[in-house]
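**Student:** One structure, pasted below without further comment.
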Amino acid sequence: EVFPPGVINVISGDGRNTGDALVRHPRVKRIALTGSVETGLLIQRSAAEVMVKHVSLELGGKNPMIVFPDADMDSAVEGAARGMNFHWSQGQSCGSTSRLFLHRDIHDEFVEKLKRRVERIVIGDPLDPATEMGCMISKSQYDKAHKYSDLGREQGAVCVTGGSRPEGAAFEMGYFIRPTIFTGVTNDMRIAQEEIFGPVLSVP
């Protein structure tokens with residue numbers, strides 16, 4: 001209804017065949033990717049082998065949110081919960097603010113309020129309109145999020161909430177994980193440095 005026919009096209013397939021063919025096609029002049037570093041490297045290599053193309057890559061990261069004492073605390077707590085994308089993507093977003101830096105004067109109070117806030121998130125069937133947080137997209141992402149929760153504990157971080165499957169018969173099937181917050185996170189820990197792409201928030 002907005003664009004003329006042919007302007008937007010959706011082509012399904014895998015990266016190795018379909019994606020590589022699109023990257024190499026001479027009529028495709030600009031390529032944008034939101035994805036992994038490994039895929040970005042492959043796209044750059046393929047594009048450079050055929051011609052000079054414009055390539056824009058958004059390869060994720062560990063986006064920080066910083067809160068100072070003069071902030072409106074309730075608004076900032078809400079912003080931290082929503083910025084982490086617990087609600088609509090279970091933290092599976094390159095834009096998730098997965099590191100939360102808090103001024104020491106507000107740290108403990110903020111963490112306690114945020115803990116209570118994320119524990120109120122309604123987890124359930126993604127098709128239920130009442131659900132605020134569904135399940136992970138795949139078993140591999142589910143396992144990855146659990147692996148990082150285990151790593152956080154092993155490396156000395158404190159899990160103040162989450163880090164496990166919700167209790168109840170409704171959650172016995174499906175890749176559900178409760179919203180997870182770690183405190184005491186130091187910059188040398190893997191949960192502070194590596195993109196988890198799951199509902200795990202790191203707070204120093």
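Chain labels A, B, ... are given in the sequence in which chains occur in the structure tokens; within each chain residues are numbered consecutively from 1, and ligands are likewise numbered from 1 in the order shown.
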Select from region 12-200 of chain A everything DSSP, run on the backbone, classes as alpha helix (DSSP H), then give the selection as a PyMOL selection string.
**Tutor:** chain A and resi 20-24+37-50+73-83+86-89+107-119+139-154+190-193
**Student:** May I have the residues within 7 Å of region 177-187 of chain A as a PyMOL selection string, using only C-alpha atoms and disregarding those fewer than 2 positions away in the same chain?
**Tutor:** chain A and resi 86+118+135+157-166+175+189+192-193+199-204
**Student:** Which is closer to Gln90 (chain A) than all the others in A:Val111, A:Ile123, A:Ile106, A:Ala169, using only C-alpha atoms?
**Tutor:** A:Ile123
**Student:** For Pro64 (chain A), which residue among A:Met51, A:Cys94, A:Val37, A:Leu100 is the nearest when counting only C-alpha atoms?
**Tutor:**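 Of A:Met51, A:Cys94, A:Val37, A:Leu100, the one nearest Pro64 (chain A), counting only C-alpha atoms, is A:Leu100.
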**Student:** Skipping near chain neighbours, those fewer than 4 positions away, what residues fall within 7 Å of region 27-35 of chain A using only C-alpha atoms, listed as a list in words?
**Tutor:** Leu22, Val23, Thr39, Lys53, His54, Val55, Ser56, Leu57, Glu58, Leu59 and Gly60 of chain A
**Student:** Generate a file of the selected residues that holds N, CA, C and O atoms, formatted as a short mmCIF file (atom, residue, chain, number, x, y, z; two decimals), in the first residue's frame.
**Tutor:**
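This is the output file again-v4.cif:
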data_model
loop_
_atom_site.label_atom_id
_atom_site.label_comp_id
_atom_site.auth_asym_id
_atom_site.auth_seq_id
_atom_site.Cartn_x
_atom_site.Cartn_y
_atom_site.Cartn_z
N LEU A 22 22.60 -13.27 -3.20
CA LEU A 22 22.14 -11.88 -3.15
C LEU A 22 23.32 -10.92 -2.99
O LEU A 22 23.38 -9.88 -3.64
N VAL A 23 24.24 -11.26 -2.10
CA VAL A 23 25.41 -10.40 -1.86
C VAL A 23 26.23 -10.23 -3.13
O VAL A 23 26.71 -9.15 -3.46
N THR A 39 29.06 -13.62 10.24
CA THR A 39 28.29 -13.39 9.02
C THR A 39 28.71 -12.09 8.35
O THR A 39 28.80 -12.01 7.12
N LYS A 53 30.76 -2.37 -3.37
CA LYS A 53 29.37 -2.20 -2.92
C LYS A 53 29.36 -1.42 -1.60
O LYS A 53 30.35 -1.38 -0.88
N HIS A 54 28.22 -0.82 -1.31
CA HIS A 54 28.03 -0.18 -0.02
C HIS A 54 27.54 -1.25 0.96
O HIS A 54 26.50 -1.87 0.73
N VAL A 55 28.28 -1.46 2.03
CA VAL A 55 27.93 -2.47 3.02
C VAL A 55 27.78 -1.81 4.39
O VAL A 55 28.68 -1.11 4.85
N SER A 56 26.63 -2.00 5.02
CA SER A 56 26.37 -1.49 6.37
C SER A 56 26.13 -2.68 7.29
O SER A 56 25.24 -3.49 7.03
N LEU A 57 26.91 -2.78 8.35
CA LEU A 57 26.83 -3.94 9.24
C LEU A 57 26.54 -3.49 10.67
O LEU A 57 27.22 -2.63 11.21
N GLU A 58 25.51 -4.06 11.27
CA GLU A 58 25.19 -3.84 12.68
C GLU A 58 25.37 -5.19 13.34
O GLU A 58 24.55 -6.09 13.16
N LEU A 59 26.47 -5.35 14.07
CA LEU A 59 26.88 -6.67 14.53
C LEU A 59 26.68 -6.90 16.02
O LEU A 59 27.33 -7.72 16.63
N GLY A 60 25.75 -6.17 16.60
CA GLY A 60 25.41 -6.40 18.00
C GLY A 60 26.46 -5.84 18.95
O GLY A 60 27.30 -5.03 18.57
#
**Student:** Quick one: residues within 8 Å of Gly83 (chain A), only C-alpha atoms counted, chain neighbours fewer than 4 positions away excluded, as a ChimeraX atom specification?
**Tutor:** /A:79,95-97
**Student:** Go ahead and save the picked residues with N, CA and C atoms, as an mmCIF file, in the first residue's frame.
**Tutor:**
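File written: part-v5.cif
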data_model
loop_
_atom_site.group_PDB
_atom_site.id
_atom_site.type_symbol
_atom_site.label_atom_id
_atom_site.label_comp_id
_atom_site.auth_asym_id
_atom_site.auth_seq_id
_atom_site.Cartn_x
_atom_site.Cartn_y
_atom_site.Cartn_z
ATOM 1 N N GLY A 79 12.662 1.997 32.169
ATOM 2 C CA GLY A 79 13.515 2.039 30.983
ATOM 3 C C GLY A 79 14.505 0.895 30.934
ATOM 4 N N GLY A 95 19.774 -4.606 20.044
ATOM 5 C CA GLY A 95 19.634 -3.310 20.694
ATOM 6 C C GLY A 95 19.387 -3.382 22.186
ATOM 7 N N SER A 96 19.392 -4.566 22.765
ATOM 8 C CA SER A 96 19.128 -4.698 24.198
ATOM 9 C C SER A 96 20.222 -4.018 25.019
ATOM 10 N N THR A 97 19.803 -3.257 26.023
ATOM 11 C CA THR A 97 20.768 -2.616 26.925
ATOM 12 C C THR A 97 21.161 -3.639 27.990
#
**Student:** DSSP on the backbone: what in chain A comes out strand (DSSP E or B), as a PyMOL selection string?
**Tutor:** chain A and resi 30-34+54-58+64-67+99-102+123+133+158-161+180-183+200-202
**Student:** In Å to one decimal, how far is CA of Phe176 (chain A) from CA of Tyr142 (chain A)?
**Tutor:** 7.5 Å
**Student:** So that I can see what lies close to Val50 (chain A), please list as a ChimeraX atom specification the residues with an atom at most 9 Å from it, counting only C-alpha atoms and leaving out residues fewer than 6 positions away in the same chain.
**Tutor:** /A:23-26
**Student:** Using only C-alpha atoms, find the one residue out of A:Ala71, A:Val122, A:Ser140, A:Leu127 that sits nearest to Phe110 (chain A).
**Tutor:** A:Ala71
**Student:** Can you work out the spacing between CA of Lys144 (chain A) and CA of Ile196 (chain A) in Å, to one decimal?
**Tutor:**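 Taking CA of Lys144 (chain A) and CA of Ile196 (chain A), their separation equals 7.2 Å.
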**Student:** Looking at only C-alpha atoms, which of A:Glu167, A:Asp74, A:Glu38, A:Asp188 is the one that sits closest to Gly124 (chain A)?
**Tutor:**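 Looking at the shortest contact to Gly124 (chain A), the residue is A:Glu167.
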**Student:** Would you kindly return, as a short mmCIF file (atom, residue, chain, number, x, y, z; two decimals) with C-alpha atoms, in the first residue's frame, each protein, DNA or RNA residue with an atom no farther than 10 Å from any atom of Pro126 (chain A), considering only C-alpha atoms and excluding same-chain residues fewer than 5 positions away?
**Tutor:**
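Once everything was written out, this is around_18.cif:
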data_model
loop_
_atom_site.label_atom_id
_atom_site.label_comp_id
_atom_site.auth_asym_id
_atom_site.auth_seq_id
_atom_site.Cartn_x
_atom_site.Cartn_y
_atom_site.Cartn_z
CA TRP A 88 8.80 -8.52 23.39
CA THR A 131 1.65 -12.61 27.73
CA GLU A 132 4.42 -10.03 28.07
CA MET A 133 7.35 -12.41 27.61
CA GLY A 134 7.34 -15.58 25.53
CA CYS A 135 9.87 -18.31 24.97
#
**Student:** With only C-alpha atoms as the counted atoms, please give the residues lying no more than 12 Å from Phe68 (chain A), apart from itself and same-chain residues fewer than 3 positions off, as a PyMOL selection string.
**Tutor:** chain A and resi 65+71-73+76-77+100-107+110
**Student:** Could you turn the residues from that selection into a file that holds C-alpha atoms, as a PDB file, in the first residue's frame?
**Tutor:**
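Writing done, so here's again.pdb:
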ATOM      1  CA  MET A  65      22.506   2.026  30.085  1.00  0.00           C
ATOM      2  CA  ALA A  71      17.398  10.474  37.256  1.00  0.00           C
ATOM      3  CA  ASP A  72      13.737   9.782  37.962  1.00  0.00           C
ATOM      4  CA  MET A  73      14.231   6.349  39.474  1.00  0.00           C
ATOM      5  CA  ALA A  76      14.727   4.660  34.806  1.00  0.00           C
ATOM      6  CA  VAL A  77      13.723   1.292  36.262  1.00  0.00           C
ATOM      7  CA  LEU A 100      23.387  -1.489  33.391  1.00  0.00           C
ATOM      8  CA  PHE A 101      25.743   0.963  35.106  1.00  0.00           C
ATOM      9  CA  LEU A 102      24.362   2.488  38.303  1.00  0.00           C
ATOM     10  CA  HIS A 103      25.856   5.242  40.458  1.00  0.00           C
ATOM     11  CA  ARG A 104      26.845   3.807  43.833  1.00  0.00           C
ATOM     12  CA  ASP A 105      24.413   6.124  45.665  1.00  0.00           C
ATOM     13  CA  ILE A 106      21.389   4.497  43.995  1.00  0.00           C
ATOM     14  CA  HIS A 107      22.747   1.050  43.129  1.00  0.00           C
ATOM     15  CA  PHE A 110      17.619   0.561  41.930  1.00  0.00           C
TER      16      PHE A 110
END
**Student:** Pick the closest to Leu151 (chain A) from A:Ala81, A:Val67, A:Ile191, A:Ile137: which is it, counting only C-alpha atoms?
**Tutor:**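 Residue with the minimum atom-to-atom distance to Leu151 (chain A): A:Ile191.
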